[in-house]
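Before any comments, here is the structure.
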Amino acid sequence: MKLGPMGIRALILMAAVSLAACGEEPQSAEERAAIIAAAEARVPSDPVLAEKYERACQACHADPENTAPLSGDMRAWTPRLDARGTEGLLQSTLNGFEGMPPLGACPDCGIDDFENLIGFMAGDTK
Amino acid sequence: MSLTRRKLMMQGAAIAALATGKPFAAFAEAPAKAPERRIKWQNWSGWQSSFPEARLAPANAAEVAEIITSSPTPIRPVGTGHSFTPLVPTDGTIMSLDRLTGVLETNDETLEATVGAGSKLGDLGAPLEERGQALTNMPDINRQTLAGSISTSTHGTGEKFGSLSSYVTGLEIVTANGDTIWCDKDNQPDLFQAARVSLGSLGIITKIRMQNRTPHRINKRTWVVPFDEMMEQADSFTAENRNFEFYYIPFSSMCMGISHNETDELLAPAVAQDDDGVMTLKALADYLSWTPSLREYFIRSALEDLPDETFVDTSWKVYPSERAVRFNEMEYHLPRENALTALKEIRTLVEGENLDLFFPWEFRYVKSDDIWLSPFQGRESCSIAIHRFHEEDYKPLFSAIEPILQKHGGRPHWGKLHTLKAPDFAKLYPNWKDFSAIRQEMDPDGIFLNAHLREVFGVA
């Protein structure tokens, strides 16, 4: 296939993304499979929060084909928390971020719900 | 890295009470807690918003009725917020349909299925297939709820297929006084006629019965065609294929055709691909808008030698494509005989005046129907959709193009941006008065009307 100027530019963009990821430790296929399995199985223990998680969050945050960080995958969540903090992640949820719609697909969630859901996906097991 | 059609077109066209026994999910219902501050509701693109007093998610029709009769007004239902028009914003109550989901009942003889109105299209494919059914046709985004889709006459493509509303054979609606009514062609036929496309203005739709078909496998093909050739062959392509649509990439002179056909071929699913195509088009526009000819050369040279792409999968996996880049959209439905001419005029305008635009334009075919507020009522139609990156003001571009779409008899998609008001709609829709009479009867106090709908229906 011919790689035109647009393809060249896309290659440059990809290279930039690759360089940005160079600092990360490599991840084995087994480790990745375990993270995916854990994400698919995790549900908050609080039944009210669990209902909202299953309704609004799980479809993307437990789907490895989605670009959203997987639930419980600290390798994905830690740099986000370090860079933006809990408040930054809350604002991303309220206003939408990349593929995530505003209010994170939970139109009836309150601030507490969002904070608890973010906390759960970022590692908190409650 | 491969420069694929998906990057340029699919993505580019994008151009997504409880167990505790509480009556319904509410963010401010715990009396012991201090009231939470109001949270802004926004649509998917982020351009429509409001600070509703209540945001609620009922689990059944009884809870819907309780909310309707006890919550701040206006009360507006929300699916997934994919309408670009301000159908949802309200200072009163936003009612999510998120908990009214799932396949509730199927009929093996008639191939009908009754589903929760808040079911997302993408969540219906697997459970329907398990029951020997599939939606007859689908749009290219599957994140919307079924209620939101039929309420705005959302559609796919194909000259033999109407909008999703045209496959509705019955529905349950909770009215302004809290009554729950089932309507179909035999029960309350006028209400059924009106409710199939009703913008959430007659009540809250809680269940929808759809006329489906058997599960089927689809071969999807995409290919590149120069613009002038596409203008000559588009009608032939749509006659030869089950579904056909095309995109035009502005400032390229190139189109991308997409066909869907039923097949018995072995499964050959699409390979997951990255989605930077539309942003690459944006970068080209940013850097080269001062020289349209060079911009056209770059895009065309990247496209013209691309081989066809084909994959095969079950229908509900084939039709949708991802929309990772947010945008605002204007779409008009034109009489089929006028649509290609309108598209040529839009191209002349945009490229002749070098208007700021990089998203591909989408051109689809839709069968006529007889629904009062359907934009496809009484005429075979083609849809022209123009997209604008969500961070950019859409108004200058859309206001330049909209007169062309109106001049050719276009009716706007109810969920996509337009500037029409009640007097315009009264001229465009032969049964406008019939619908208005039903609306007035169903909601005399206007509790389901926000500011936008008051303009649409001409209600003070």
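Starting from 1 in every chain, residues are counted up; chains themselves are A, B, ... following the order of the structure tokens, and ligands are numbered from 1 as listed.
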
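Every residue of stretch 123-216 of chain B found in strand (DSSP E or B) when DSSP is run on the backbone appears here: B:Ala134, B:Thr145, B:Gly158, B:Val168, B:Thr169, B:Gly170, B:Leu171, B:Glu172, B:Ile173, B:Val174, B:Thr180, B:Ile181, B:Trp182, B:Cys183, B:Asp184, B:Ile204, B:Ile205, B:Thr206, B:Lys207, B:Ile208, B:Arg209, B:Met210, B:Gln211, B:Arg213.
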
Could you save the residues just selected, with N, CA, C and O atoms, as a CSV table (one decimal), in the first residue's frame?
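Written file, part_23.csv:
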```csv
chain,number,residue,atom,x,y,z
B,134,ALA,N,-32.9,-10.1,14.9
B,134,ALA,CA,-31.9,-9.1,14.8
B,134,ALA,C,-32.6,-7.8,14.3
B,134,ALA,O,-33.7,-7.9,13.6
B,145,THR,N,-29.7,5.2,22.9
B,145,THR,CA,-30.8,4.3,23.3
B,145,THR,C,-31.9,4.2,22.2
B,145,THR,O,-32.0,5.0,21.3
B,158,GLY,N,-29.8,2.8,3.1
B,158,GLY,CA,-30.3,1.8,2.3
B,158,GLY,C,-31.7,2.2,1.7
B,158,GLY,O,-32.6,2.5,2.5
B,168,VAL,N,-41.1,0.3,14.5
B,168,VAL,CA,-41.8,0.2,15.8
B,168,VAL,C,-43.3,-0.2,15.6
B,168,VAL,O,-44.0,0.3,14.8
B,169,THR,N,-43.7,-1.3,16.3
B,169,THR,CA,-45.1,-1.8,16.1
B,169,THR,C,-45.9,-1.6,17.4
B,169,THR,O,-47.1,-1.9,17.4
B,170,GLY,N,-45.3,-1.0,18.4
B,170,GLY,CA,-46.1,-0.7,19.6
B,170,GLY,C,-45.1,-0.1,20.7
B,170,GLY,O,-43.9,-0.3,20.6
B,171,LEU,N,-45.7,0.6,21.6
B,171,LEU,CA,-44.9,1.2,22.6
B,171,LEU,C,-45.7,1.5,23.9
B,171,LEU,O,-46.9,1.7,23.8
B,172,GLU,N,-45.0,1.5,25.0
B,172,GLU,CA,-45.6,1.9,26.3
B,172,GLU,C,-45.1,3.3,26.7
B,172,GLU,O,-43.9,3.6,26.6
B,173,ILE,N,-46.0,4.2,27.0
B,173,ILE,CA,-45.7,5.6,27.4
B,173,ILE,C,-46.4,6.0,28.7
B,173,ILE,O,-47.5,5.6,28.9
B,174,VAL,N,-45.6,6.7,29.5
B,174,VAL,CA,-46.2,7.2,30.8
B,174,VAL,C,-46.5,8.7,30.5
B,174,VAL,O,-45.6,9.4,30.1
B,180,THR,N,-50.1,5.0,32.5
B,180,THR,CA,-49.2,4.2,31.6
B,180,THR,C,-50.1,3.6,30.5
B,180,THR,O,-51.1,2.9,30.8
B,181,ILE,N,-49.7,3.9,29.3
B,181,ILE,CA,-50.6,3.5,28.1
B,181,ILE,C,-49.7,2.7,27.2
B,181,ILE,O,-48.6,3.0,26.8
B,182,TRP,N,-50.3,1.6,26.7
B,182,TRP,CA,-49.7,0.8,25.6
B,182,TRP,C,-50.5,1.3,24.3
B,182,TRP,O,-51.7,1.3,24.3
B,183,CYS,N,-49.7,1.6,23.3
B,183,CYS,CA,-50.4,2.0,22.0
B,183,CYS,C,-49.7,1.2,20.9
B,183,CYS,O,-48.5,0.9,20.9
B,184,ASP,N,-50.6,0.9,19.9
B,184,ASP,CA,-50.1,0.3,18.6
B,184,ASP,C,-51.1,0.6,17.6
B,184,ASP,O,-52.0,1.4,17.8
B,204,ILE,N,-43.1,9.8,28.7
B,204,ILE,CA,-41.9,9.1,28.8
B,204,ILE,C,-42.1,7.7,28.3
B,204,ILE,O,-42.9,6.9,28.8
B,205,ILE,N,-41.4,7.4,27.2
B,205,ILE,CA,-41.5,6.0,26.6
B,205,ILE,C,-40.7,5.0,27.4
B,205,ILE,O,-39.5,5.3,27.7
B,206,THR,N,-41.4,3.9,27.8
B,206,THR,CA,-40.7,3.0,28.7
B,206,THR,C,-40.5,1.6,28.1
B,206,THR,O,-39.6,0.9,28.5
B,207,LYS,N,-41.3,1.2,27.1
B,207,LYS,CA,-41.1,0.0,26.4
B,207,LYS,C,-41.3,0.2,24.9
B,207,LYS,O,-42.2,1.0,24.5
B,208,ILE,N,-40.6,-0.5,24.1
B,208,ILE,CA,-40.8,-0.4,22.6
B,208,ILE,C,-40.8,-1.8,22.0
B,208,ILE,O,-40.0,-2.6,22.3
B,209,ARG,N,-41.8,-2.0,21.1
B,209,ARG,CA,-41.9,-3.3,20.4
B,209,ARG,C,-41.4,-3.0,19.0
B,209,ARG,O,-41.9,-2.2,18.3
B,210,MET,N,-40.4,-3.8,18.6
B,210,MET,CA,-39.8,-3.6,17.3
B,210,MET,C,-40.1,-4.8,16.3
B,210,MET,O,-40.1,-6.0,16.8
B,211,GLN,N,-40.4,-4.5,15.1
B,211,GLN,CA,-40.4,-5.6,14.1
B,211,GLN,C,-39.0,-5.9,13.6
B,211,GLN,O,-38.3,-5.1,13.0
B,213,ARG,N,-36.1,-9.2,12.3
B,213,ARG,CA,-35.9,-10.2,11.3
B,213,ARG,C,-35.0,-11.3,11.9
B,213,ARG,O,-34.6,-11.2,13.1
```

Requested in this report: Excluding A:Phe120 and residues on its chain fewer than 2 positions from it, collect all residues at most 10 Å away from it, counting only C-alpha atoms, and give them as a ChimeraX atom specification.
Outcome: /A:42-45,49,53,71-72,114-118,122-126

What does the file look like for those residues with all heavy atoms, as a CSV table (one decimal), in the first residue's frame?
```csv
chain,number,residue,atom,x,y,z
A,42,ARG,N,-14.2,-7.5,38.7
A,42,ARG,CA,-14.4,-6.6,39.8
A,42,ARG,C,-15.7,-5.9,39.8
A,42,ARG,O,-16.2,-5.4,38.7
A,42,ARG,CB,-13.3,-5.5,39.7
A,42,ARG,CG,-11.9,-6.0,39.9
A,42,ARG,CD,-10.9,-4.9,39.8
A,42,ARG,NE,-10.6,-4.3,41.1
A,42,ARG,CZ,-10.8,-3.0,41.4
A,42,ARG,NH1,-11.2,-2.2,40.5
A,42,ARG,NH2,-10.5,-2.5,42.6
A,43,VAL,N,-16.3,-5.8,40.9
A,43,VAL,CA,-17.6,-5.0,41.1
A,43,VAL,C,-17.5,-4.5,42.6
A,43,VAL,O,-17.1,-5.2,43.5
A,43,VAL,CB,-18.8,-5.9,41.0
A,43,VAL,CG1,-20.1,-5.1,41.3
A,43,VAL,CG2,-18.9,-6.5,39.6
A,44,PRO,N,-17.9,-3.2,42.8
A,44,PRO,CA,-17.9,-2.7,44.1
A,44,PRO,C,-18.8,-3.5,45.1
A,44,PRO,O,-19.8,-4.1,44.6
A,44,PRO,CB,-18.5,-1.3,43.9
A,44,PRO,CG,-18.2,-0.9,42.5
A,44,PRO,CD,-18.3,-2.2,41.8
A,45,SER,N,-18.4,-3.6,46.3
A,45,SER,CA,-19.1,-4.4,47.3
A,45,SER,C,-20.4,-3.7,47.7
A,45,SER,O,-21.4,-4.3,48.0
A,45,SER,CB,-18.3,-4.7,48.5
A,45,SER,OG,-17.8,-3.5,49.0
A,49,LEU,N,-23.5,1.3,44.7
A,49,LEU,CA,-22.4,1.7,43.8
A,49,LEU,C,-22.2,0.7,42.7
A,49,LEU,O,-21.9,1.0,41.6
A,49,LEU,CB,-21.1,1.9,44.7
A,49,LEU,CG,-20.0,2.7,44.0
A,49,LEU,CD1,-20.5,4.1,43.8
A,49,LEU,CD2,-18.7,2.6,44.8
A,53,TYR,N,-22.0,1.2,38.8
A,53,TYR,CA,-20.7,0.8,38.1
A,53,TYR,C,-21.1,-0.1,36.9
A,53,TYR,O,-20.6,0.1,35.8
A,53,TYR,CB,-19.8,0.1,39.1
A,53,TYR,CG,-18.6,-0.6,38.5
A,53,TYR,CD1,-17.5,0.2,38.1
A,53,TYR,CD2,-18.6,-1.9,38.2
A,53,TYR,CE1,-16.4,-0.4,37.5
A,53,TYR,CE2,-17.5,-2.5,37.6
A,53,TYR,CZ,-16.4,-1.8,37.3
A,53,TYR,OH,-15.3,-2.4,36.7
A,71,SER,N,-10.4,-1.2,35.0
A,71,SER,CA,-10.7,-1.2,36.5
A,71,SER,C,-9.7,-2.0,37.2
A,71,SER,O,-9.5,-3.2,37.0
A,71,SER,CB,-12.1,-1.7,36.7
A,71,SER,OG,-12.4,-1.7,38.1
A,72,GLY,N,-9.0,-1.4,38.2
A,72,GLY,CA,-8.1,-2.1,39.1
A,72,GLY,C,-6.7,-2.2,38.5
A,72,GLY,O,-5.8,-2.7,39.1
A,114,PHE,N,-19.4,9.6,41.9
A,114,PHE,CA,-18.3,9.7,40.9
A,114,PHE,C,-17.0,9.5,41.7
A,114,PHE,O,-16.1,8.8,41.2
A,114,PHE,CB,-18.3,11.1,40.2
A,114,PHE,CG,-19.4,11.2,39.2
A,114,PHE,CD1,-20.2,12.3,39.2
A,114,PHE,CD2,-19.5,10.3,38.2
A,114,PHE,CE1,-21.2,12.4,38.3
A,114,PHE,CE2,-20.6,10.4,37.2
A,114,PHE,CZ,-21.4,11.5,37.3
A,115,GLU,N,-16.8,10.1,42.8
A,115,GLU,CA,-15.5,10.0,43.6
A,115,GLU,C,-15.4,8.5,44.0
A,115,GLU,O,-14.3,8.0,43.9
A,115,GLU,CB,-15.5,10.9,44.8
A,115,GLU,CG,-15.4,12.4,44.4
A,115,GLU,CD,-15.5,13.3,45.6
A,115,GLU,OE1,-16.0,12.9,46.6
A,115,GLU,OE2,-15.1,14.5,45.4
A,116,ASN,N,-16.4,7.9,44.4
A,116,ASN,CA,-16.3,6.5,44.9
A,116,ASN,C,-16.1,5.6,43.7
A,116,ASN,O,-15.3,4.6,43.8
A,116,ASN,CB,-17.6,6.1,45.6
A,116,ASN,CG,-17.7,6.7,47.0
A,116,ASN,OD1,-16.7,7.1,47.6
A,116,ASN,ND2,-18.9,6.9,47.4
A,117,LEU,N,-16.7,5.9,42.6
A,117,LEU,CA,-16.5,5.0,41.4
A,117,LEU,C,-15.0,5.2,40.9
A,117,LEU,O,-14.4,4.2,40.5
A,117,LEU,CB,-17.5,5.4,40.3
A,117,LEU,CG,-18.9,4.9,40.6
A,117,LEU,CD1,-19.9,5.6,39.6
A,117,LEU,CD2,-19.0,3.4,40.4
A,118,ILE,N,-14.5,6.4,40.8
A,118,ILE,CA,-13.1,6.6,40.4
A,118,ILE,C,-12.2,5.9,41.4
A,118,ILE,O,-11.3,5.2,41.0
A,118,ILE,CB,-12.8,8.1,40.3
A,118,ILE,CG1,-13.6,8.8,39.2
A,118,ILE,CG2,-11.3,8.3,40.2
A,118,ILE,CD1,-13.6,10.3,39.2
A,122,ALA,N,-9.7,2.9,40.4
A,122,ALA,CA,-8.2,3.2,40.6
A,122,ALA,C,-7.6,2.4,41.7
A,122,ALA,O,-6.5,2.6,42.1
A,122,ALA,CB,-8.0,4.7,40.9
A,123,GLY,N,-8.3,1.4,42.2
A,123,GLY,CA,-7.7,0.4,43.1
A,123,GLY,C,-8.4,0.2,44.4
A,123,GLY,O,-8.2,-0.8,45.0
A,124,ASP,N,-9.2,1.2,44.8
A,124,ASP,CA,-10.0,1.0,46.1
A,124,ASP,C,-10.9,-0.2,45.9
A,124,ASP,O,-11.7,-0.2,45.0
A,124,ASP,CB,-10.7,2.3,46.4
A,124,ASP,CG,-11.3,2.3,47.8
A,124,ASP,OD1,-11.5,1.2,48.4
A,124,ASP,OD2,-11.5,3.4,48.4
A,125,THR,N,-11.0,-1.1,46.9
A,125,THR,CA,-11.8,-2.3,46.7
A,125,THR,C,-13.2,-2.1,47.4
A,125,THR,O,-13.9,-3.1,47.4
A,125,THR,CB,-11.1,-3.5,47.4
A,125,THR,OG1,-10.8,-3.2,48.7
A,125,THR,CG2,-9.8,-3.8,46.6
A,126,LYS,N,-13.5,-1.0,47.9
A,126,LYS,CA,-14.8,-0.9,48.6
A,126,LYS,C,-16.0,-1.0,47.7
A,126,LYS,O,-15.8,-0.6,46.5
A,126,LYS,CB,-14.9,0.3,49.5
A,126,LYS,CG,-15.0,1.6,48.7
A,126,LYS,CD,-15.1,2.8,49.6
A,126,LYS,CE,-15.2,4.1,48.8
A,126,LYS,NZ,-15.2,5.3,49.7
```

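The residue that comes closest to chain A, out of B:Asn137, B:Ser383, B:Thr93, B:Thr280 and on the basis of only C-alpha atoms, is B:Thr280.
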
Query raised in the report: Which residues, written as a ChimeraX atom specification, have at least one atom at most 8 Å from stretch 65-75 of chain B, with only C-alpha atoms counted and residues fewer than 2 positions away on the same chain left out?
Result: /B:53-54,58,61-63,77,90-95,174-180,446-450

Report task. DSSP on the backbone, then: every residue of stretch 26-91 of chain A marked helix (DSSP H, G or I), written as an MDAnalysis selection string. Result -> chainID A and resid 29:41 47:61 74:91

Just want the 12 Å neighbourhood of A:Arg80, counted on only C-alpha atoms, with same-chain residues fewer than 3 positions away dropped. Output as a compact mmCIF listing (two decimals) with N, CA and C atoms, in the first residue's frame.
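And here's part-v1.txt as it stands now:
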```
# COMPACT_ATOMS: atom_id res chain seq x y z
N ALA A 68 -10.03 3.07 27.51
CA ALA A 68 -10.17 3.51 28.90
C ALA A 68 -9.31 2.65 29.81
N PRO A 69 -8.75 3.24 30.88
CA PRO A 69 -7.96 2.42 31.82
C PRO A 69 -8.84 1.34 32.46
N ASP A 73 -6.45 -1.65 37.27
CA ASP A 73 -5.13 -1.71 36.64
C ASP A 73 -4.30 -0.52 37.12
N MET A 74 -3.57 -0.73 38.19
CA MET A 74 -2.84 0.39 38.80
C MET A 74 -1.74 0.92 37.88
N ARG A 75 -1.25 0.06 37.02
CA ARG A 75 -0.25 0.51 36.05
C ARG A 75 -0.84 1.61 35.15
N ALA A 76 -2.13 1.52 34.88
CA ALA A 76 -2.78 2.53 34.04
C ALA A 76 -3.25 3.72 34.87
N TRP A 77 -3.72 3.46 36.08
CA TRP A 77 -4.32 4.53 36.86
C TRP A 77 -3.28 5.42 37.58
N ALA A 83 -0.56 12.62 37.57
CA ALA A 83 -0.58 13.80 36.70
C ALA A 83 -1.74 14.74 36.99
N ARG A 84 -2.91 14.19 37.30
CA ARG A 84 -4.10 15.04 37.39
C ARG A 84 -4.78 15.01 38.75
N GLY A 85 -4.42 14.05 39.56
CA GLY A 85 -5.02 13.97 40.88
C GLY A 85 -6.48 13.53 40.82
N THR A 86 -7.04 13.26 41.99
CA THR A 86 -8.43 12.81 42.05
C THR A 86 -9.38 13.87 41.49
N GLU A 87 -9.09 15.15 41.81
CA GLU A 87 -9.97 16.22 41.34
C GLU A 87 -9.92 16.32 39.81
N GLY A 88 -8.74 16.12 39.24
CA GLY A 88 -8.63 16.16 37.79
C GLY A 88 -9.42 15.05 37.13
N LEU A 89 -9.36 13.86 37.72
CA LEU A 89 -10.13 12.75 37.15
C LEU A 89 -11.62 12.99 37.32
N LEU A 90 -12.00 13.61 38.46
CA LEU A 90 -13.42 13.94 38.66
C LEU A 90 -13.89 14.94 37.59
N SER A 92 -12.65 15.35 34.63
CA SER A 92 -12.73 14.64 33.35
C SER A 92 -14.05 13.88 33.25
N ILE A 118 -14.53 6.39 40.82
CA ILE A 118 -13.14 6.59 40.40
C ILE A 118 -12.21 5.89 41.38
N ALA A 122 -9.66 2.93 40.44
CA ALA A 122 -8.23 3.21 40.60
C ALA A 122 -7.61 2.37 41.70
```

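Put simply, atom CA of B:Asn354 is 26.7 Å away from atom CA of B:Gln233.
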
Requested in this report: Quick one: pull the distance between atom CA of B:Leu199 and atom CA of B:Ala324, Å, one decimal.
Outcome: 25.9 Å

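The smallest atom-to-atom distance between chain A and any of B:Asn43, B:Ser289, B:Ser166, B:Gln144, using only C-alpha atoms, is found for B:Asn43.
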
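With only C-alpha atoms as the atoms that count, the residue of B:Met279, B:Leu266, B:Leu428, B:Ala234 with the shortest distance to B:Arg336 is B:Ala234.
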
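Of the residues under consideration (B:Pro396, B:Pro412, B:Pro430, B:Gly203), B:Pro412 shows the shortest atom-to-atom contact distance to B:Thr85 when counting only C-alpha atoms.
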
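Nearest to B:Trp290 of all the residues B:Phe251, B:Tyr394, B:Phe327, B:Phe376 is B:Phe251, counting only C-alpha atoms.
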